[in-house]
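A.B. asks: This is the content of work-v6.csv (CSV, C-alpha atoms):
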```csv
chain,number,residue,atom,x,y,z
A,1,MET,CA,2.8,-42.9,6.0
A,2,VAL,CA,6.3,-41.4,6.0
A,3,PHE,CA,7.1,-42.5,2.4
A,4,ASN,CA,5.8,-40.5,-0.5
A,5,THR,CA,4.1,-42.1,-3.4
A,6,GLY,CA,5.3,-40.5,-6.6
A,7,ALA,CA,3.2,-39.9,-9.6
A,8,ALA,CA,4.6,-42.9,-11.5
A,9,LEU,CA,3.9,-45.3,-8.6
A,10,LEU,CA,0.4,-43.9,-8.2
A,11,ASP,CA,-0.2,-44.4,-12.0
A,12,GLY,CA,1.0,-48.0,-11.5
A,13,ILE,CA,-1.3,-48.6,-8.5
A,14,VAL,CA,-4.3,-47.2,-10.3
A,15,LEU,CA,-3.6,-49.3,-13.5
A,16,ALA,CA,-3.2,-52.4,-11.3
A,17,ALA,CA,-6.5,-51.7,-9.6
A,18,VAL,CA,-8.3,-51.1,-12.8
A,19,SER,CA,-6.7,-54.2,-14.5
A,20,ARG,CA,-8.3,-56.5,-11.9
A,21,GLU,CA,-11.7,-55.9,-13.3
A,22,ALA,CA,-12.1,-57.3,-16.8
A,23,ASP,CA,-15.3,-55.4,-17.4
A,24,GLY,CA,-13.9,-52.2,-16.1
A,25,THR,CA,-14.6,-50.3,-12.9
A,26,TYR,CA,-15.8,-46.9,-11.8
A,27,GLY,CA,-14.2,-43.9,-10.1
A,28,TYR,CA,-15.5,-44.5,-6.6
A,29,LYS,CA,-14.5,-48.1,-6.6
A,30,ILE,CA,-11.1,-47.4,-8.0
A,31,THR,CA,-10.5,-44.9,-5.3
A,32,GLN,CA,-11.6,-47.3,-2.6
A,33,ASP,CA,-9.4,-50.0,-4.0
A,34,VAL,CA,-6.4,-47.7,-4.2
A,35,ARG,CA,-7.1,-46.6,-0.6
A,36,LYS,CA,-6.6,-50.1,0.6
A,37,ALA,CA,-3.0,-49.8,-0.4
A,38,ILE,CA,-2.2,-46.1,0.1
A,39,ASP,CA,-3.8,-43.3,1.9
A,40,ILE,CA,-5.1,-40.9,-0.8
A,41,SER,CA,-7.7,-38.2,-0.7
A,42,GLU,CA,-11.1,-38.8,-2.3
A,43,SER,CA,-10.6,-36.0,-4.7
A,44,THR,CA,-7.2,-37.0,-5.9
A,45,LEU,CA,-7.9,-39.6,-8.5
A,46,TYR,CA,-9.9,-37.7,-11.1
A,47,PRO,CA,-6.8,-36.0,-12.6
A,48,VAL,CA,-4.9,-39.2,-12.5
A,49,LEU,CA,-7.6,-41.2,-14.3
A,50,ARG,CA,-8.0,-38.4,-16.8
A,51,ARG,CA,-4.3,-38.3,-17.6
A,52,LEU,CA,-4.1,-42.1,-18.0
A,53,GLN,CA,-7.1,-41.8,-20.3
A,54,LYS,CA,-5.4,-39.2,-22.4
A,55,GLU,CA,-2.2,-41.3,-22.5
A,56,ASN,CA,-4.4,-44.1,-23.8
A,57,CYS,CA,-3.7,-46.3,-20.9
A,58,LEU,CA,-7.3,-46.4,-19.9
A,59,GLU,CA,-10.5,-46.2,-21.9
A,60,VAL,CA,-13.9,-45.1,-20.8
A,61,TYR,CA,-17.4,-46.3,-21.6
A,62,ASP,CA,-20.8,-45.5,-20.1
A,63,MET,CA,-23.1,-48.1,-18.8
A,64,ALA,CA,-26.6,-47.6,-17.6
A,65,ILE,CA,-26.9,-48.8,-14.0
A,66,ASP,CA,-30.1,-48.2,-12.0
A,67,GLY,CA,-31.5,-45.9,-14.7
A,68,ARG,CA,-28.4,-43.6,-14.9
A,69,ASN,CA,-25.1,-43.7,-16.7
A,70,ARG,CA,-22.1,-44.7,-14.9
A,71,ARG,CA,-18.7,-44.1,-16.4
A,72,TYR,CA,-16.5,-47.1,-16.4
A,73,TYR,CA,-12.7,-47.3,-16.8
A,74,ARG,CA,-11.0,-50.2,-18.5
A,75,ILE,CA,-7.4,-50.9,-19.1
A,76,THR,CA,-6.1,-50.8,-22.7
A,77,GLU,CA,-3.3,-52.6,-24.3
A,78,THR,CA,-1.1,-49.6,-23.9
A,79,GLY,CA,-2.1,-49.6,-20.3
A,80,ARG,CA,-1.2,-53.2,-19.9
A,81,VAL,CA,2.3,-52.6,-21.3
A,82,GLN,CA,2.7,-49.7,-19.0
A,83,LEU,CA,1.5,-51.7,-16.1
A,84,ALA,CA,3.9,-54.5,-16.9
A,85,LEU,CA,6.7,-52.0,-16.9
A,86,TYR,CA,5.7,-50.5,-13.6
A,87,LYS,CA,5.3,-53.9,-12.1
A,88,SER,CA,8.7,-55.2,-13.0
A,89,GLU,CA,10.3,-51.8,-12.0
A,90,TRP,CA,8.6,-52.0,-8.7
A,91,PHE,CA,9.7,-55.5,-7.9
A,92,THR,CA,13.3,-54.7,-8.7
A,93,TYR,CA,13.1,-51.4,-6.7
A,94,SER,CA,11.3,-52.8,-3.7
A,95,ALA,CA,13.5,-55.9,-3.6
A,96,HIS,CA,16.6,-53.7,-3.4
A,97,ILE,CA,15.1,-51.6,-0.7
A,98,SER,CA,13.9,-54.6,1.2
A,99,GLN,CA,17.3,-56.2,1.0
A,100,ILE,CA,19.1,-53.1,2.3
A,101,PHE,CA,16.6,-52.8,5.2
A,102,GLN,CA,17.0,-56.5,6.1
A,103,GLU,CA,20.8,-56.1,6.2
A,104,ALA,CA,20.5,-53.1,8.4
A,105,LYS,CA,21.9,-53.4,11.9
A,106,ILE,CA,19.5,-51.9,14.5
B,1,MET,CA,-23.0,-28.8,2.4
B,2,LYS,CA,-25.5,-30.7,0.3
B,3,LYS,CA,-24.4,-32.7,-2.7
B,4,GLU,CA,-26.4,-30.6,-5.2
B,5,THR,CA,-25.0,-27.4,-3.6
B,6,PHE,CA,-21.5,-28.7,-3.9
B,7,LEU,CA,-22.0,-29.7,-7.6
B,8,LYS,CA,-23.7,-26.5,-8.5
B,9,GLU,CA,-20.9,-24.5,-6.9
B,10,LEU,CA,-18.3,-26.6,-8.7
B,11,GLU,CA,-20.1,-26.0,-12.0
B,12,TYR,CA,-20.1,-22.3,-11.3
B,13,LEU,CA,-16.4,-22.3,-10.6
B,14,LEU,CA,-15.7,-24.3,-13.8
B,15,GLN,CA,-17.7,-22.1,-16.1
B,16,ASP,CA,-14.7,-20.8,-18.0
B,17,ILE,CA,-13.2,-24.2,-18.9
B,18,PRO,CA,-14.2,-26.0,-22.1
B,19,ASP,CA,-17.7,-27.5,-21.9
B,20,GLU,CA,-16.5,-31.0,-22.6
B,21,ASP,CA,-14.0,-30.9,-19.8
B,22,LYS,CA,-16.4,-29.3,-17.4
B,23,GLU,CA,-19.1,-31.9,-18.1
B,24,GLU,CA,-16.7,-34.8,-17.7
B,25,ALA,CA,-15.4,-33.5,-14.5
B,26,LEU,CA,-18.8,-32.7,-13.1
B,27,SER,CA,-20.2,-36.1,-14.0
B,28,TYR,CA,-17.2,-37.8,-12.5
B,29,TYR,CA,-17.7,-36.1,-9.2
B,30,ARG,CA,-21.5,-36.5,-9.4
B,31,ASP,CA,-21.0,-40.3,-10.0
B,32,TYR,CA,-18.5,-40.4,-7.2
B,33,LEU,CA,-20.9,-38.9,-4.7
B,34,GLU,CA,-23.7,-41.1,-5.9
B,35,GLU,CA,-21.6,-44.3,-5.6
B,36,ALA,CA,-20.5,-43.2,-2.2
B,37,GLY,CA,-24.1,-43.3,-1.2
B,38,SER,CA,-26.1,-40.9,0.9
B,39,GLU,CA,-24.6,-42.2,4.1
B,40,ASN,CA,-21.0,-41.5,3.1
B,41,GLU,CA,-21.8,-38.4,1.1
B,42,ASP,CA,-20.9,-35.9,3.9
B,43,LYS,CA,-17.6,-37.7,4.8
B,44,VAL,CA,-16.6,-37.8,1.1
B,45,MET,CA,-17.4,-34.1,0.5
B,46,GLU,CA,-15.5,-33.2,3.7
B,47,GLU,CA,-12.5,-35.0,2.2
B,48,PHE,CA,-13.0,-33.3,-1.1
B,49,GLY,CA,-12.5,-30.0,0.7
B,50,SER,CA,-14.1,-26.9,-0.7
B,51,PRO,CA,-15.5,-26.8,-4.2
B,52,GLU,CA,-12.8,-24.3,-4.9
B,53,ARG,CA,-10.2,-26.9,-4.1
B,54,VAL,CA,-11.7,-29.5,-6.3
B,55,ALA,CA,-12.1,-26.9,-9.1
B,56,ALA,CA,-8.4,-26.0,-8.7
B,57,ILE,CA,-7.4,-29.6,-9.0
B,58,ILE,CA,-9.5,-30.1,-12.2
B,59,ARG,CA,-8.1,-26.8,-13.6
B,60,ALA,CA,-4.5,-27.6,-12.7
B,61,ASP,CA,-4.8,-30.8,-14.7
B,62,ILE,CA,-6.4,-29.2,-17.7
B,63,THR,CA,-4.0,-26.4,-18.0
B,64,GLY,CA,-1.1,-28.8,-17.6
B,65,ASN,CA,0.3,-27.4,-14.5
B,66,LEU,CA,1.1,-30.8,-13.2
B,67,LYS,CA,4.1,-31.0,-15.5
B,68,ASP,CA,5.6,-27.9,-13.8
B,69,GLY,CA,6.7,-29.9,-10.8
B,70,GLY,CA,3.4,-30.7,-9.1
B,71,SER,CA,2.3,-34.3,-8.8
B,72,PHE,CA,-0.5,-36.2,-7.4
B,73,THR,CA,0.6,-38.4,-4.6
B,74,GLU,CA,-1.1,-40.3,-1.9
B,75,LYS,CA,-1.1,-37.0,0.0
B,76,GLY,CA,-3.0,-35.3,-2.7
B,77,TYR,CA,-1.6,-32.7,-5.0
B,78,GLU,CA,1.9,-31.8,-4.2
B,79,ASP,CA,4.4,-29.5,-5.6
B,80,GLU,CA,8.1,-29.9,-4.7
B,81,ARG,CA,8.7,-26.2,-5.0
B,82,PHE,CA,5.9,-25.2,-2.6
B,83,LYS,CA,6.1,-27.9,0.0
B,84,ASP,CA,4.5,-27.2,3.3
B,85,PRO,CA,5.0,-30.0,5.8
B,86,GLY,CA,2.0,-31.2,7.7
B,87,TYR,CA,-0.4,-29.8,5.1
B,88,GLN,CA,-2.4,-32.2,3.0
B,89,VAL,CA,-2.4,-30.2,-0.1
B,90,ALA,CA,0.5,-28.1,-1.2
B,91,LYS,CA,-0.1,-24.4,-1.2
B,92,ARG,CA,0.1,-23.2,-4.7
B,93,LEU,CA,-1.1,-20.0,-6.3
B,94,ASP,CA,-3.9,-21.8,-8.2
B,95,LEU,CA,-4.8,-24.0,-5.3
B,96,PRO,CA,-6.8,-21.9,-2.9
B,97,ASP,CA,-6.1,-22.4,0.8
B,98,GLU,CA,-8.7,-24.9,1.9
B,99,LYS,CA,-9.9,-23.3,5.0
B,100,GLU,CA,-9.8,-19.8,3.6
B,101,ALA,CA,-11.6,-20.8,0.5
B,102,VAL,CA,-14.4,-22.4,2.5
B,103,HIS,CA,-14.7,-19.5,4.8
B,104,GLU,CA,-14.7,-17.0,2.0
B,105,ASN,CA,-17.2,-19.0,0.1
B,106,ARG,CA,-19.6,-19.0,3.0
B,107,GLU,CA,-19.2,-15.3,3.5
B,108,THR,CA,-19.7,-14.2,-0.1
B,109,ARG,CA,-22.2,-16.8,-1.3
B,110,THR,CA,-24.8,-17.0,1.4
B,111,GLU,CA,-26.4,-13.8,0.2
B,112,SER,CA,-26.3,-14.8,-3.4
B,113,ARG,CA,-28.2,-18.0,-2.8
B,114,THR,CA,-31.6,-16.5,-3.4
B,115,ALA,CA,-35.1,-17.9,-2.7
B,116,ASP,CA,-35.2,-19.7,-6.0
B,117,GLY,CA,-32.0,-21.5,-5.0
B,118,ALA,CA,-30.4,-20.5,-8.2
B,119,TYR,CA,-26.9,-19.1,-8.4
B,120,THR,CA,-26.7,-15.5,-9.1
B,121,ASN,CA,-23.4,-13.9,-9.5
B,122,VAL,CA,-22.1,-12.5,-6.2
B,123,GLU,CA,-23.1,-8.9,-6.0
B,124,GLU,CA,-20.1,-6.9,-5.4
B,125,LYS,CA,-19.9,-4.0,-3.0
B,126,PRO,CA,-19.9,-0.6,-4.7
B,127,TRP,CA,-16.4,0.1,-5.4
B,128,THR,CA,-16.7,3.8,-4.7
B,129,SER,CA,-15.8,5.2,-1.4
B,130,ARG,CA,-15.7,8.5,0.4
B,131,VAL,CA,-12.1,8.9,-0.3
B,132,LEU,CA,-12.6,8.2,-4.0
B,133,LYS,CA,-15.4,10.7,-4.1
B,134,VAL,CA,-13.2,13.4,-2.5
B,135,VAL,CA,-10.4,12.6,-5.0
B,136,LEU,CA,-12.8,12.8,-7.9
B,137,LEU,CA,-14.2,16.1,-6.6
B,138,GLY,CA,-10.6,17.4,-6.4
B,139,ILE,CA,-9.9,16.4,-10.0
B,140,LEU,CA,-13.2,18.0,-11.1
B,141,ILE,CA,-12.3,21.3,-9.4
B,142,LEU,CA,-8.8,21.2,-10.9
B,143,ALA,CA,-10.2,20.5,-14.4
B,144,ALA,CA,-12.8,23.3,-14.0
B,145,SER,CA,-10.3,25.7,-12.4
B,146,PRO,CA,-9.9,28.0,-15.5
B,147,PHE,CA,-13.6,28.7,-15.5
B,148,LEU,CA,-13.8,28.9,-11.8
B,149,LEU,CA,-10.9,31.2,-11.6
B,150,GLY,CA,-12.4,33.5,-14.2
B,151,ALA,CA,-15.9,33.8,-12.8
B,152,GLY,CA,-14.7,33.4,-9.2
B,153,GLY,CA,-12.0,36.0,-9.6
B,154,ILE,CA,-14.5,38.6,-10.7
B,155,ALA,CA,-16.9,37.7,-7.9
B,156,VAL,CA,-14.2,37.7,-5.2
B,157,GLY,CA,-12.8,41.0,-6.6
B,158,THR,CA,-16.2,42.7,-6.5
B,159,VAL,CA,-17.0,41.5,-3.0
B,160,ALA,CA,-13.5,42.5,-1.8
B,161,GLY,CA,-13.8,45.9,-3.4
B,162,ILE,CA,-17.2,46.7,-1.8
B,163,ALA,CA,-16.0,45.4,1.6
B,164,SER,CA,-12.8,47.5,1.5
B,165,LEU,CA,-14.8,50.6,0.5
B,166,PHE,CA,-17.2,50.0,3.4
B,167,LEU,CA,-14.2,49.4,5.8
B,168,GLY,CA,-12.6,52.7,4.6
B,169,ALA,CA,-15.8,54.6,5.2
B,170,VAL,CA,-16.1,53.2,8.7
B,171,VAL,CA,-12.5,54.0,9.5
B,172,LEU,CA,-12.9,57.6,8.1
B,173,LEU,CA,-16.1,58.0,10.2
B,174,LEU,CA,-14.2,56.8,13.4
B,175,VAL,CA,-11.3,59.2,12.8
B,176,LEU,CA,-13.7,62.1,12.0
B,177,THR,CA,-15.7,61.4,15.2
B,178,ALA,CA,-12.6,61.2,17.4
B,179,THR,CA,-11.2,64.4,15.8
B,180,ALA,CA,-14.6,66.2,16.4
B,181,PHE,CA,-14.6,65.2,20.1
B,182,ILE,CA,-10.9,66.2,20.6
B,183,LEU,CA,-11.4,69.4,18.7
B,184,GLY,CA,-14.6,70.1,20.8
B,185,VAL,CA,-12.8,69.6,24.1
B,186,VAL,CA,-9.7,71.5,23.1
B,187,LEU,CA,-11.7,74.4,21.7
B,188,THR,CA,-13.9,74.5,24.9
B,189,VAL,CA,-10.8,74.8,27.1
B,190,LEU,CA,-9.3,77.5,24.8
B,191,GLY,CA,-12.7,79.3,24.6
B,192,GLY,CA,-13.0,79.1,28.4
B,193,ILE,CA,-9.5,80.7,28.8
B,194,LEU,CA,-10.2,83.3,26.1
B,195,LEU,CA,-13.5,84.2,27.8
B,196,PHE,CA,-11.6,86.1,30.5
B,197,THR,CA,-9.5,88.2,28.0
B,198,ALA,CA,-11.6,88.4,24.9
B,199,PRO,CA,-15.2,87.3,25.7
B,200,VAL,CA,-16.5,87.5,22.1
B,201,ASP,CA,-13.6,85.3,20.7
B,202,GLY,CA,-14.1,83.0,23.6
B,203,LEU,CA,-17.8,82.6,23.0
B,204,PHE,CA,-17.0,82.0,19.3
B,205,LEU,CA,-14.6,79.3,20.1
B,206,ILE,CA,-16.9,77.7,22.6
B,207,GLY,CA,-19.7,77.8,19.9
B,208,ILE,CA,-17.4,76.0,17.4
B,209,ALA,CA,-16.5,73.5,20.2
B,210,VAL,CA,-20.1,72.7,20.9
B,211,MET,CA,-20.6,72.2,17.1
B,212,GLY,CA,-17.6,69.8,17.0
B,213,ILE,CA,-19.0,67.9,20.0
B,214,GLY,CA,-22.4,67.7,18.3
B,215,MET,CA,-20.8,66.3,15.2
B,216,GLY,CA,-18.9,63.8,17.4
B,217,ILE,CA,-22.2,62.7,19.0
B,218,LEU,CA,-23.6,62.3,15.5
B,219,GLY,CA,-20.6,60.2,14.6
B,220,VAL,CA,-21.1,58.0,17.7
B,221,VAL,CA,-24.7,57.5,16.7
B,222,LEU,CA,-23.7,56.6,13.2
B,223,ILE,CA,-21.0,54.2,14.5
B,224,TYR,CA,-23.5,52.7,16.8
B,225,GLY,CA,-25.9,52.3,13.8
B,226,ILE,CA,-23.2,50.5,11.8
B,227,PHE,CA,-21.9,48.2,14.5
B,228,GLY,CA,-25.1,47.7,16.5
B,229,VAL,CA,-27.7,47.5,13.7
B,230,LEU,CA,-26.4,47.3,10.2
B,231,ILE,CA,-23.8,44.5,10.6
B,232,PRO,CA,-26.0,42.3,12.8
B,233,PHE,CA,-28.7,42.8,10.2
B,234,CYS,CA,-26.4,41.7,7.4
B,235,PHE,CA,-25.4,38.6,9.4
B,236,LYS,CA,-29.0,37.7,10.0
B,237,ALA,CA,-29.8,38.3,6.4
B,238,VAL,CA,-27.0,36.0,5.2
B,239,CYS,CA,-28.0,33.3,7.7
B,240,ARG,CA,-31.6,33.5,6.6
B,241,LEU,CA,-30.5,33.2,3.0
B,242,PHE,CA,-28.6,30.0,3.8
B,243,LYS,CA,-31.4,28.6,5.8
B,244,SER,CA,-34.0,29.3,3.2
B,245,THR,CA,-31.8,27.6,0.4
B,246,ALA,CA,-31.3,24.6,2.7
B,247,ALA,CA,-35.0,24.4,3.4
B,248,GLY,CA,-35.7,24.8,-0.3
B,249,ARG,CA,-33.5,21.9,-1.1
B,250,LYS,CA,-35.1,19.8,1.7
B,251,GLY,CA,-38.5,20.7,0.3
B,252,ALA,CA,-37.4,19.7,-3.2
B,253,ARG,CA,-36.1,16.4,-1.9
B,254,ARG,CA,-39.4,15.7,-0.1
B,255,ALA,CA,-41.3,16.5,-3.3
```
The structure in this file should be written as structure tokens.

C.D. replies:
Amino acid sequence: MVFNTGAALLDGIVLAAVSREADGTYGYKITQDVRKAIDISESTLYPVLRRLQKENCLEVYDMAIDGRNRRYYRITETGRVQLALYKSEWFTYSAHISQIFQEAKI
Amino acid sequence: MKKETFLKELEYLLQDIPDEDKEEALSYYRDYLEEAGSENEDKVMEEFGSPERVAAIIRADITGNLKDGGSFTEKGYEDERFKDPGYQVAKRLDLPDEKEAVHENRETRTESRTADGAYTNVEEKPWTSRVLKVVLLGILILAASPFLLGAGGIAVGTVAGIASLFLGAVVLLLVLTATAFILGVVLTVLGGILLFTAPVDGLFLIGIAVMGIGMGILGVVLIYGIFGVLIPFCFKAVCRLFKSTAAGRKGARRA
């Protein structure tokens, strides 16, 4: 991938991935979902999730699965507002970029 | 690297951050590896990089280094100021070089993983060295120099005095012996000449000459005694003294 994904876009992608699961989702699954869109390293997401959690965009809760606790992440209301902002910003941004590429003479 | 080893190493590397943060990070990575399943474990850990790298990522986040210009992107942790094209993770002071870190880790830790499998702190090599010892010895000698100069001065002075006295005596003996011989020869020649004109005086002179030659021979014998017997004896005695002290020390060490 020649285009860099900035921190804000990565936040948006993570929030979008988490928001798809109403009951929340866990670190490994979030990483795999995000990896469907962009190529990130396995170890990258922990600080991002942590930051989003500190900014109250995500909340965590533990759920016992197969006899052990699994940490789940769920989007908060703040997170949804943030996600809506990212989403609209992205559509505007990507539409402009797409347009200029479409008009390009190659 | 096994999962448990990886997590233990990570825990070891994070021991200085707050317990809450450490537990959270550790359980995240533990969960992650468990969710990945045993079949993907190795691949995931390979992508994690070394425990040092993961620890550095966790640490960078906690200490707020991200705001300084670094950001997490799809390529991992990147810092505009330290960009290194073609490298997955930006080189930063607090992010150890992946390869180097793994290598170093292998080198230093293998020994510390003892039979009980527990982590003991890496035993450091003794920080002293030959050079350091020499320097310390030099400082010690400098510090003790007032005492050494006092006692040593007296000793050196005494030894030098005795030696010069001895040397003087030897030189005197040499000169006397040579003089006696020369005198003996000269007087013999004079006595031989006088023997024709005044036989009594000639015989007297020849008698004195014989006495002088006799004293010269005595001097030669003495010189031979000094150079041939006394000095070698002194050397041997000194050598024996050194040998015996060395042997004594060896004996003491053995005992």

A.B. asks: Which is closer to chain A than all the others in B:Ala143, B:Ala56, B:Ala209, B:Ile17, using all atoms listed in the file?

C.D. replies: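 The closest residue to chain A is B:Ala56.
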
A.B. asks: Nearest to chain B: which of A:Ile30, A:Leu15, A:Ile97, A:Leu58 is it, counting only C-alpha atoms?

C.D. replies: A:Ile30

A.B. asks: Per residue of chain A within 6 Å of chain B, what are the shortest atom pair and its distance in Å to one decimal, counting all atoms listed in the file, with rows by chain and residue number, as a Markdown table?

C.D. replies:
```
| residue | atom | partner | partner_atom | distance |
| --- | --- | --- | --- | --- |
| A:Thr5 | CA | B:Thr73 | CA | 5.2 |
| A:Gly6 | CA | B:Thr73 | CA | 5.5 |
| A:Ala7 | CA | B:Phe72 | CA | 5.7 |
| A:Tyr28 | CA | B:Tyr32 | CA | 5.1 |
| A:Asp39 | CA | B:Glu74 | CA | 5.5 |
| A:Ile40 | CA | B:Glu74 | CA | 4.2 |
| A:Ser41 | CA | B:Gly76 | CA | 5.9 |
| A:Glu42 | CA | B:Phe48 | CA | 5.9 |
| A:Ser43 | CA | B:Phe48 | CA | 5.1 |
| A:Thr44 | CA | B:Gly76 | CA | 5.5 |
| A:Pro47 | CA | B:Asp61 | CA | 6.0 |
```

A.B. asks: What separation in Å, quoted to one decimal, exists between atom CA of Gly191 of chain B and atom CA of Phe204 of chain B?

C.D. replies: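 Computing the Euclidean distance for atom CA of Gly191 of chain B and atom CA of Phe204 of chain B yields 7.3 Å.
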
A.B. asks: What does the distance from atom CA of Ile223 of chain B to atom CA of Ala180 of chain B come to in Å, to one decimal?

C.D. replies: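 Distance between the two atoms: 13.7 Å.
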
A.B. asks: Please report the interatomic distance between atom CA of Gly225 of chain B and atom CA of Ala169 of chain B in Å with one decimal.

C.D. replies: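 It comes out at 13.5 Å.
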
A.B. asks: Write out as a CSV table (one decimal) with C-alpha atoms, in the coordinates of the input which residues come within 9 Å of Arg71 of chain A when counting only C-alpha atoms, dropping same-chain ones fewer than 6 positions away.

C.D. replies:
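around_5.csv, freshly written:
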```csv
chain,number,residue,atom,x,y,z
A,25,THR,CA,-14.6,-50.3,-12.9
A,26,TYR,CA,-15.8,-46.9,-11.8
A,27,GLY,CA,-14.2,-43.9,-10.1
A,60,VAL,CA,-13.9,-45.1,-20.8
A,61,TYR,CA,-17.4,-46.3,-21.6
A,62,ASP,CA,-20.8,-45.5,-20.1
A,63,MET,CA,-23.1,-48.1,-18.8
A,64,ALA,CA,-26.6,-47.6,-17.6
B,27,SER,CA,-20.2,-36.1,-14.0
B,28,TYR,CA,-17.2,-37.8,-12.5
B,31,ASP,CA,-21.0,-40.3,-10.0
```

A.B. asks: Can you pull out every residue within 12 Å of Leu52 of chain A, counting only C-alpha atoms, but drop anything in the same chain fewer than 5 positions away, and send it as an mmCIF file with C-alpha atoms, in the coordinates of the input?

C.D. replies:
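Full text of around-v8.cif as output:
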```
data_model
loop_
_atom_site.group_PDB
_atom_site.id
_atom_site.type_symbol
_atom_site.label_atom_id
_atom_site.label_comp_id
_atom_site.auth_asym_id
_atom_site.auth_seq_id
_atom_site.Cartn_x
_atom_site.Cartn_y
_atom_site.Cartn_z
ATOM 1 C CA ALA A 7 3.200 -39.900 -9.600
ATOM 2 C CA ALA A 8 4.600 -42.900 -11.500
ATOM 3 C CA LEU A 10 0.400 -43.900 -8.200
ATOM 4 C CA ASP A 11 -0.200 -44.400 -12.000
ATOM 5 C CA GLY A 12 1.000 -48.000 -11.500
ATOM 6 C CA ILE A 13 -1.300 -48.600 -8.500
ATOM 7 C CA VAL A 14 -4.300 -47.200 -10.300
ATOM 8 C CA LEU A 15 -3.600 -49.300 -13.500
ATOM 9 C CA VAL A 18 -8.300 -51.100 -12.800
ATOM 10 C CA LEU A 45 -7.900 -39.600 -8.500
ATOM 11 C CA TYR A 46 -9.900 -37.700 -11.100
ATOM 12 C CA PRO A 47 -6.800 -36.000 -12.600
ATOM 13 C CA CYS A 57 -3.700 -46.300 -20.900
ATOM 14 C CA LEU A 58 -7.300 -46.400 -19.900
ATOM 15 C CA GLU A 59 -10.500 -46.200 -21.900
ATOM 16 C CA VAL A 60 -13.900 -45.100 -20.800
ATOM 17 C CA TYR A 73 -12.700 -47.300 -16.800
ATOM 18 C CA ARG A 74 -11.000 -50.200 -18.500
ATOM 19 C CA ILE A 75 -7.400 -50.900 -19.100
ATOM 20 C CA THR A 76 -6.100 -50.800 -22.700
ATOM 21 C CA THR A 78 -1.100 -49.600 -23.900
ATOM 22 C CA GLY A 79 -2.100 -49.600 -20.300
ATOM 23 C CA ARG A 80 -1.200 -53.200 -19.900
ATOM 24 C CA GLN A 82 2.700 -49.700 -19.000
ATOM 25 C CA LEU A 83 1.500 -51.700 -16.100
ATOM 26 C CA ASP B 61 -4.800 -30.800 -14.700
#
```
